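**Q** Got a structure for you, written out below as structure tokens; questions coming shortly.
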Amino acid sequence: MISTENVGYSLTGVATFLGPYESDGERSVADTIEKTCRVRFFELRVLPDEKAIPGQRWSSIIRGLLGSSNCGRPGAHECEYNGVAIEGMPLLEAGSPMAALAVDRAITPRQRNVITSQRSDLPVDQDHEPVEETFVSFFPNNVVGLVLSTISAPSHAAVAAWLNAVAPPTSEGPDAKWHAVPIVDPEKYRVIEDAAEATSVTFALKPDNIPGGYEPLLGGFLSEGQQYGHGVRIEVKVTAGRGRPGESSRDAAKRLARGLVGMHDAGVDLEKAQANIRRVYGEAVEPIDILHHRLAREVKIPVTTGRSLDQAAVFRETRAAYQAMQEEILGAIGLS
């Protein structure tokens with residue numbers, strides 16, 4: 001089933017009773033917490049022309065990275081992205097190529113005493129630091145599936161930056177770079193291009209993820225937000241006026257909606273992009289969610305006793321999502 005909305009990445013665990021089970025002759029009760037995550041699919045294309053190239057042998061690439069390092073920690077590879085260090089750990093599970101990318105948490109979570117409700121710092125020793133993680137699974141035809149542990153985990157653009165540092169597409173020339181493009185069904189949202197008017201537009205983004213070339217479209221929203229630092233998220237709703245006096249504002253809203261479509265088509269990492277449009281003057285308003293038709297799938301991931309996502313389950317569910325949506329994915333990238 002294709003996801004129809006963005007899913008929050010804060011812990012919203014639902015306790016699920018699994019029932020009693022036999023263990024060493026004793027009957028016990030096991031409870032688990034699951035988190036609803038979203039598997040999103042991207043195609044790795046090559047800049048500067050953003051062209052598709054033959055599928056890489058990702059198993060061999062990941063296997064080669066396992067025995068090396070560019071940061072002094074065996075098997076770990078770092079790159080800089082938007083002023084922060086992204087550390088990737090290549091992985092092979094059951095022969096399938098994968099990676100886990102991490103970025104430092106800006107603030108360490110606090111802990112709560114379950115008896116007194118008193119808050120205190122969560123102790124972290126000198127050998128550990130809290131991180132946000134993105135789990136990457138590699139599939140044929142340069143398709144990747146991503147699951148983010150939190151909303152601040154490395155984006156698909158950060159994944160492409162890491163690959164450019166550790167496994168650039170050198171066969172395409174010295175200046176070639178990977179670019180992760182969302183896999184979408186564009187016919188579902190391009191009706192905005194033919195709309196007669198837009199009555200409202202809502203969008204959310206992180207300024208860090210928006211190329212500077214979009215400043216004329218987003219104006220002060222982008223330039224101001226970039227001054228706030230890493231991790232800032234901006235959400236804006238523009239509502240046009242009604243009747244004849246509001247005609248020019250509805251035209252402006254339509255231009256903004258079309259601009260968001262162009263950003264989405266270009267692979268810009270928008271977190272929300274919605275518009276209410278009329279295809280013909282006087283008709284009923286039609287809501288369009290531009291991100292609604294990204295090929296994605298919601299999955300349930302168990303949370304470990306340490307309150308982290310079960311890594312093996314993340315990769316297992318990502319593979320299952322790809323297998324269930326393979327035909328749609330291949331069709332969207334022109335290989336059906």
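Lettering and numbering for the structure tokens are positional, with chains as A, B, ... in the shown order, residues counted from 1 in each chain, and ligands counted from 1 in the shown order.
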Excluding A:Glu193 and its own-chain neighbours fewer than 4 positions away, which residues fall within 12 Å of it when counting only C-alpha atoms? Please give them as a VMD selection string.
**A** chain A and resid 186 to 189 197 to 198 254 to 262 275 277 to 279 288 290
**Q** Could you pull out the residues in stretch 48-88 of chain A that DSSP calls alpha helix (DSSP H) from the backbone, as a CSV table (one decimal) with all heavy atoms, in the first residue's frame?
**A**
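Final output, saved to states-v1.csv:
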```
chain,number,residue,atom,x,y,z
A,58,TRP,N,26.3,-2.9,-6.2
A,58,TRP,CA,26.4,-2.3,-4.8
A,58,TRP,C,26.9,-3.3,-3.8
A,58,TRP,O,27.6,-2.9,-2.8
A,58,TRP,CB,25.0,-1.8,-4.4
A,58,TRP,CG,24.6,-0.6,-5.2
A,58,TRP,CD1,23.7,-0.5,-6.2
A,58,TRP,CD2,25.2,0.7,-5.1
A,58,TRP,NE1,23.7,0.8,-6.7
A,58,TRP,CE2,24.6,1.5,-6.1
A,58,TRP,CE3,26.2,1.2,-4.3
A,58,TRP,CZ2,24.9,2.9,-6.2
A,58,TRP,CZ3,26.6,2.6,-4.5
A,58,TRP,CH2,25.9,3.4,-5.4
A,59,SER,N,26.7,-4.6,-4.0
A,59,SER,CA,27.3,-5.6,-3.1
A,59,SER,C,28.8,-5.6,-3.1
A,59,SER,O,29.4,-5.6,-2.0
A,59,SER,CB,26.8,-7.0,-3.5
A,59,SER,OG,25.4,-7.2,-3.3
A,60,SER,N,29.4,-5.4,-4.3
A,60,SER,CA,30.8,-5.3,-4.3
A,60,SER,C,31.3,-4.0,-3.7
A,60,SER,O,32.4,-4.0,-3.1
A,60,SER,CB,31.3,-5.5,-5.8
A,60,SER,OG,30.9,-6.7,-6.3
A,61,ILE,N,30.6,-2.9,-4.0
A,61,ILE,CA,31.0,-1.6,-3.5
A,61,ILE,C,31.0,-1.6,-2.0
A,61,ILE,O,31.9,-1.2,-1.3
A,61,ILE,CB,30.1,-0.5,-4.1
A,61,ILE,CG1,30.3,-0.4,-5.6
A,61,ILE,CG2,30.3,0.8,-3.3
A,61,ILE,CD1,29.3,0.5,-6.3
A,62,ILE,N,29.9,-2.1,-1.4
A,62,ILE,CA,29.8,-2.2,0.1
A,62,ILE,C,30.8,-3.1,0.7
A,62,ILE,O,31.4,-2.8,1.7
A,62,ILE,CB,28.4,-2.6,0.5
A,62,ILE,CG1,27.4,-1.5,0.1
A,62,ILE,CG2,28.3,-2.8,2.0
A,62,ILE,CD1,27.6,-0.1,0.7
A,63,ARG,N,31.0,-4.2,0.0
A,63,ARG,CA,32.0,-5.2,0.5
A,63,ARG,C,33.4,-4.6,0.6
A,63,ARG,O,34.2,-4.7,1.5
A,63,ARG,CB,32.0,-6.5,-0.3
A,63,ARG,CG,32.9,-7.6,0.2
A,63,ARG,CD,32.8,-8.9,-0.6
A,63,ARG,NE,31.4,-9.4,-0.5
A,63,ARG,CZ,30.5,-9.4,-1.4
A,63,ARG,NH1,30.8,-8.9,-2.6
A,63,ARG,NH2,29.3,-10.0,-1.3
A,64,GLY,N,33.7,-3.8,-0.5
A,64,GLY,CA,35.0,-3.1,-0.5
A,64,GLY,C,35.2,-2.1,0.6
A,64,GLY,O,36.3,-1.9,1.2
A,65,LEU,N,34.1,-1.4,1.0
A,65,LEU,CA,34.1,-0.4,2.0
A,65,LEU,C,34.2,-1.0,3.4
A,65,LEU,O,34.7,-0.4,4.3
A,65,LEU,CB,32.8,0.5,2.0
A,65,LEU,CG,32.7,1.4,0.8
A,65,LEU,CD1,31.3,2.0,0.8
A,65,LEU,CD2,33.8,2.4,0.7
A,66,LEU,N,33.8,-2.2,3.6
A,66,LEU,CA,33.9,-2.9,4.9
A,66,LEU,C,35.3,-3.0,5.4
A,66,LEU,O,35.5,-2.9,6.6
A,66,LEU,CB,33.2,-4.3,4.8
A,66,LEU,CG,31.7,-4.3,4.7
A,66,LEU,CD1,31.3,-5.8,4.4
A,66,LEU,CD2,31.1,-3.8,6.0
```
**Q** Enumerate, as a PyMOL selection string, the complete set of residues in stretch 125-164 of chain A that a backbone-based DSSP assignment places in strand (DSSP E).
**A** chain A and resi 131-139+143-148
**Q** What's the 10 Å shell around A:Ala240, counting only C-alpha atoms, without same-chain residues fewer than 6 positions away, as a list of chain:residue names?
**A**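 The contact residues come out as A:Glu197, A:Ala198, A:Thr199, A:Ser200, A:Val201, A:Gly246, A:Glu247, A:Ser248, A:Ser249, A:Arg250, A:Asp251, A:Ala252, A:Ala253, A:Lys254.
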**Q** Counting only C-alpha atoms, what is within 12 Å of A:Ala324, bar same-chain residues fewer than 4 positions away, as a list in words?
**A**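 Those residues are Met1, Ile2, Val39, Leu295, Ala296, Arg297, Glu298, Glu317, Thr318, Arg319, Ala320, Glu328, Ile329 and Leu330 of chain A.
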**Q** Could the residues in this selection be saved with N, CA and C atoms as a PDB file, in the first residue's frame?
**A**
```
ATOM      1  N   MET A   1       0.837  -1.177   0.000  1.00  0.00           N
ATOM      2  CA  MET A   1       0.000   0.000   0.000  1.00  0.00           C
ATOM      3  C   MET A   1       0.874   1.230   0.000  1.00  0.00           C
ATOM      4  N   ILE A   2       0.582   2.210  -0.824  1.00  0.00           N
ATOM      5  CA  ILE A   2       1.378   3.418  -0.895  1.00  0.00           C
ATOM      6  C   ILE A   2       0.945   4.359   0.211  1.00  0.00           C
ATOM      7  N   VAL A  39       9.144   3.890   4.670  1.00  0.00           N
ATOM      8  CA  VAL A  39      10.200   3.535   3.730  1.00  0.00           C
ATOM      9  C   VAL A  39       9.986   4.380   2.482  1.00  0.00           C
ATOM     10  N   LEU A 295       6.474   7.230  -4.046  1.00  0.00           N
ATOM     11  CA  LEU A 295       6.314   5.798  -3.813  1.00  0.00           C
ATOM     12  C   LEU A 295       6.965   5.464  -2.473  1.00  0.00           C
ATOM     13  N   ALA A 296       6.140   5.205  -1.510  1.00  0.00           N
ATOM     14  CA  ALA A 296       6.593   4.951  -0.145  1.00  0.00           C
ATOM     15  C   ALA A 296       5.649   3.960   0.516  1.00  0.00           C
ATOM     16  N   ARG A 297       6.065   3.445   1.643  1.00  0.00           N
ATOM     17  CA  ARG A 297       5.257   2.437   2.329  1.00  0.00           C
ATOM     18  C   ARG A 297       5.461   2.569   3.833  1.00  0.00           C
ATOM     19  N   GLU A 298       4.392   2.541   4.581  1.00  0.00           N
ATOM     20  CA  GLU A 298       4.486   2.564   6.034  1.00  0.00           C
ATOM     21  C   GLU A 298       4.752   1.157   6.556  1.00  0.00           C
ATOM     22  N   GLU A 317      12.113  -5.051   6.680  1.00  0.00           N
ATOM     23  CA  GLU A 317      10.879  -4.418   6.222  1.00  0.00           C
ATOM     24  C   GLU A 317      11.111  -3.578   4.970  1.00  0.00           C
ATOM     25  N   THR A 318      12.301  -3.015   4.842  1.00  0.00           N
ATOM     26  CA  THR A 318      12.614  -2.249   3.627  1.00  0.00           C
ATOM     27  C   THR A 318      12.647  -3.170   2.413  1.00  0.00           C
ATOM     28  N   ARG A 319      13.271  -4.345   2.569  1.00  0.00           N
ATOM     29  CA  ARG A 319      13.298  -5.314   1.462  1.00  0.00           C
ATOM     30  C   ARG A 319      11.893  -5.776   1.107  1.00  0.00           C
ATOM     31  N   ALA A 320      11.074  -6.005   2.136  1.00  0.00           N
ATOM     32  CA  ALA A 320       9.702  -6.444   1.886  1.00  0.00           C
ATOM     33  C   ALA A 320       8.902  -5.366   1.155  1.00  0.00           C
ATOM     34  N   GLU A 328       5.703  -1.018  -9.428  1.00  0.00           N
ATOM     35  CA  GLU A 328       5.442   0.424  -9.466  1.00  0.00           C
ATOM     36  C   GLU A 328       6.735   1.219  -9.532  1.00  0.00           C
ATOM     37  N   ILE A 329       7.736   0.775  -8.793  1.00  0.00           N
ATOM     38  CA  ILE A 329       9.020   1.480  -8.771  1.00  0.00           C
ATOM     39  C   ILE A 329       9.669   1.435 -10.148  1.00  0.00           C
ATOM     40  N   LEU A 330       9.719   0.255 -10.753  1.00  0.00           N
ATOM     41  CA  LEU A 330      10.331   0.123 -12.073  1.00  0.00           C
ATOM     42  C   LEU A 330       9.564   0.934 -13.115  1.00  0.00           C
TER      43      LEU A 330
END
```
**Q** With only C-alpha atoms counted and 12 Å as the cut-off, give the residues of stretch 117-164 of chain A in contact with stretch 267-272 of chain A, each with its shortest interatomic distance in Å and the pair that gives it, as a Markdown table.
**A**
```
| residue | atom | partner | partner_atom | distance |
| --- | --- | --- | --- | --- |
| A:Ile151 | CA | A:Glu271 | CA | 9.7 |
| A:Ser152 | CA | A:Glu271 | CA | 11.6 |
| A:Pro154 | CA | A:Asp269 | CA | 11.4 |
| A:Ser155 | CA | A:Asp269 | CA | 7.8 |
| A:His156 | CA | A:Asp269 | CA | 7.9 |
| A:Ala157 | CA | A:Asp269 | CA | 7.7 |
| A:Ala158 | CA | A:Asp269 | CA | 10.6 |
| A:Ala160 | CA | A:Gly267 | CA | 11.7 |
```
**Q** Just write the chosen residues, all heavy atoms, as a compact mmCIF listing (two decimals), in the first residue's frame.
**A**
```txt
# COMPACT_ATOMS: atom_id res chain seq x y z
N ILE A 151 13.24 12.72 12.51
CA ILE A 151 13.11 13.70 11.45
C ILE A 151 14.42 14.43 11.18
O ILE A 151 14.62 15.01 10.12
CB ILE A 151 11.99 14.71 11.81
CG1 ILE A 151 11.51 15.44 10.56
CG2 ILE A 151 12.44 15.67 12.89
CD1 ILE A 151 10.26 16.25 10.76
N SER A 152 15.36 14.39 12.15
CA SER A 152 16.64 15.07 11.98
C SER A 152 17.74 14.15 11.44
O SER A 152 18.89 14.56 11.35
CB SER A 152 17.10 15.66 13.32
OG SER A 152 16.17 16.62 13.79
N PRO A 154 19.96 11.95 8.69
CA PRO A 154 20.44 12.37 7.37
C PRO A 154 19.40 12.18 6.27
O PRO A 154 18.74 11.14 6.20
CB PRO A 154 21.67 11.47 7.15
CG PRO A 154 22.17 11.20 8.53
CD PRO A 154 20.93 11.07 9.38
N SER A 155 19.25 13.19 5.42
CA SER A 155 18.28 13.16 4.33
C SER A 155 18.84 12.38 3.15
O SER A 155 20.00 11.96 3.14
CB SER A 155 17.96 14.59 3.89
OG SER A 155 19.13 15.17 3.29
N HIS A 156 18.00 12.20 2.12
CA HIS A 156 18.48 11.52 0.91
C HIS A 156 19.60 12.31 0.24
O HIS A 156 20.48 11.73 -0.38
CB HIS A 156 17.33 11.28 -0.06
CG HIS A 156 16.71 12.51 -0.64
ND1 HIS A 156 15.75 13.23 0.02
CD2 HIS A 156 16.93 13.16 -1.81
CE1 HIS A 156 15.39 14.26 -0.71
NE2 HIS A 156 16.09 14.25 -1.84
N ALA A 157 19.58 13.64 0.39
CA ALA A 157 20.67 14.45 -0.16
C ALA A 157 21.97 14.16 0.58
O ALA A 157 23.05 14.12 -0.02
CB ALA A 157 20.32 15.93 -0.07
N ALA A 158 21.88 13.94 1.89
CA ALA A 158 23.07 13.59 2.67
C ALA A 158 23.59 12.21 2.28
O ALA A 158 24.80 11.97 2.26
CB ALA A 158 22.76 13.64 4.17
N ALA A 160 23.38 10.89 -0.70
CA ALA A 160 24.10 11.08 -1.97
C ALA A 160 25.47 11.70 -1.73
O ALA A 160 26.46 11.32 -2.37
CB ALA A 160 23.27 11.97 -2.90
```
**Q** Write out as number ranges by chain the residues lying within 7 Å of stretch 137-143 of chain A, counting only C-alpha atoms and excluding same-chain residues fewer than 2 positions away.
**A** A: 41-44, 54-56, 58, 97-99, 135, 145-146, 315
**Q** Counting only C-alpha atoms, which residue out of A:Leu291, A:Val46, A:Ile33, A:Ile210 sits closest to A:Pro174?
**A**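 Among the listed residues, the smallest separation from A:Pro174 belongs to A:Val46.
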**Q** Can you tell me which residues surround A:Lys177 at a distance of at most 12 Å, considering only C-alpha atoms, apart from same-chain residues fewer than 2 positions away, and format the answer as a ChimeraX atom specification?
**A** /A:44-53,157,159-175,179-180
**Q** Which distance in Å separates atom CA of A:Ser120 and atom CA of A:Gln311, to one decimal?
**A**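 Between atom CA of A:Ser120 and atom CA of A:Gln311 the gap is 27.8 Å.
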**Q** May I have the residues within 10 Å of A:Thr305 as a list in words, using only C-alpha atoms and disregarding those fewer than 3 positions away in the same chain?
**A**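 Counting only the stated atoms, we get Thr32, Ile33, Pro302, Ser308, Leu309 and Asp310 of chain A.
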**Q** Please report the interatomic distance between atom CA of A:Thr108 and atom CA of A:Gly88 in Å with one decimal.
**A** 20.3 Å
